[in-house]
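Chemist: Mind looking over this structure? Questions follow.
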Amino acid sequence: MGGCTGAAPVDAPPPVTPEARKAAEAAAEALPLPATPPAPPVRPAGGVQAGPVPVVFVWEGVGALHQGFFQTPEPLSALGADLAGWLNGTANVHVRYDSAAIQGRIRLRLLPGSLPRPVGGSGDLIALQELAPLTTALASWRSGVAARTDYRLESFAVELESVRGTDACVLGLVGDPPPDGRTISPCVEITGTLVCGAPEPAGVRFPPSAAAALRRCLSPDAHP
């Protein structure tokens with residue numbers, strides 16, 4: 001019964017242990033934070049959207065009372081203003097609360113056309129920190145809502161999610177709880193598999209297949 005089976009891809013990442021994840025995230029936190037990136041350059045088709053970004057919510061497991069909290073006018077207006085220049089179209093914000101796990105999540109879904117430019121870096125190095133203006137805007141909004149309504153909302157995780165074809169990517173944060181959004185985790189979920197890259201001053205270096213999938217997920221277009 002010793003038939004041949006297909007070999008695993010040479011760049012398949014090893015399983016991520018809790019220790020490996022902790023080490024990768026500690027390395028990311030130890031790096032100096034980059035200066036705020038300049039406003040994205042105008043793309044040939046469409047360019048950067050002017051003005052505050054409208055926000056649309058998708059709710060899961062969140063009651064009407066807390067839906068109202070998240071739509072408190074002042075923090076919500078600040079979110080739209082903070083996303084201006086960094087996001088085109090509408091901010092699709094998915095707010096989920098899992099009562100069994102006692103865990104809330106805030107995810108900004110990056111639809112095709114949402115990002116004004118591709119994320120920087122070359123080869124397997126991806127400049128995830130260029131996405132920090134999005135995550136800091138979300139974290140600041142979460143904190144503003146929590147301060148005005150229910151402090152427990154500070155525990156909601158902030159994430160970015162993008163799906164391109166068969167690639168589905170979720171990026172989270174690291175930092176003292178609650179993370180303020182300035183440091184994006186080097187451990188990302190790619191189509192259900194957690195992959196940790198190696199943080200470097202210019203970005204995070206991933207195994208080649210993971211880097212390629214991330215680039216597809218973070219492309220401004222539907223078909224990079």
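Just remember, in the structure tokens the first chain shown is A, the second B, etc., residues are 1-based per chain, and ligands are 1-based in the order shown.
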Identify, on the basis of only C-alpha atoms, every residue whose closest approach to stretch 207-217 of chain A does not exceed 12 Å; exclude the query and any residue fewer than 3 positions from it along the same chain; express the result as a ChimeraX atom specification.

Modeler: /A:8-14,109-115,117-128,160-171,186-198,203-204,220-224

Chemist: Can you pull out the residues contacting A:Glu60? Cut-off 8 Å, using only C-alpha atoms, and skip same-chain residues under 4 positions away; I want them as a list of chain:residue names.

Modeler: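 My reading of the contact set: A:His94, A:Val95, A:Arg96, A:Tyr97.
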
Chemist: Store the residues of this selection in a file with N, CA and C atoms, as an mmCIF file, in the first residue's frame.

Modeler:
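Once written, out-v3.cif looks like this:
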```
data_model
loop_
_atom_site.group_PDB
_atom_site.id
_atom_site.type_symbol
_atom_site.label_atom_id
_atom_site.label_comp_id
_atom_site.auth_asym_id
_atom_site.auth_seq_id
_atom_site.Cartn_x
_atom_site.Cartn_y
_atom_site.Cartn_z
ATOM 1 N N HIS A 94 -17.620 45.022 10.063
ATOM 2 C CA HIS A 94 -18.352 43.875 10.594
ATOM 3 C C HIS A 94 -18.074 43.788 12.097
ATOM 4 N N VAL A 95 -19.122 43.883 12.889
ATOM 5 C CA VAL A 95 -18.998 43.828 14.348
ATOM 6 C C VAL A 95 -19.671 42.544 14.821
ATOM 7 N N ARG A 96 -18.897 41.698 15.474
ATOM 8 C CA ARG A 96 -19.399 40.388 15.892
ATOM 9 C C ARG A 96 -19.123 40.165 17.367
ATOM 10 N N TYR A 97 -20.102 39.583 18.053
ATOM 11 C CA TYR A 97 -19.876 39.178 19.442
ATOM 12 C C TYR A 97 -20.239 37.711 19.583
#
```

Chemist: For each of A:Pro32, A:Gly104, A:Gly61, A:Gly85, take the minimum atom-to-atom distance to A:Pro133, counting only C-alpha atoms, then give the residue where this is smallest.

Modeler: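 Of the candidates, the smallest distance to A:Pro133 is held by A:Gly85.
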
Chemist: Quick check for you: according to DSSP on this backbone, which residues of chain A are classed as alpha helix (DSSP H)? Reply as a PyMOL selection string.

Modeler: chain A and resi 18-30+64-70+73-83+132-148+208-217

Chemist: Given the choices A:Pro116, A:Ser219, A:Ala26, A:Gly144, which gets closest to A:Asn88 if the distance is worked out from only C-alpha atoms?

Modeler: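 Checking each candidate against A:Asn88, we get A:Pro116 as the closest.
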
Chemist: Using only C-alpha atoms for the distances, tell me which of A:Ala81, A:Ile184, A:Ala64, A:Ile102 is nearest to A:Leu131.

Modeler: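 The closest residue to A:Leu131 is A:Ile184.
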
Chemist: Enumerate, as JSON, numbers by chain, the complete set of residues in stretch 19-221 of chain A that a backbone-based DSSP assignment places in strand (DSSP E).

Modeler: {"A": [55, 56, 57, 58, 59, 60, 91, 92, 93, 94, 95, 96, 97, 98, 103, 104, 105, 106, 107, 108, 109, 125, 126, 157, 158, 159, 160, 161, 162, 163, 164, 167, 168, 169, 170, 171, 187, 188, 189, 190, 193, 194, 195, 196, 198, 199, 200, 203, 204, 205]}
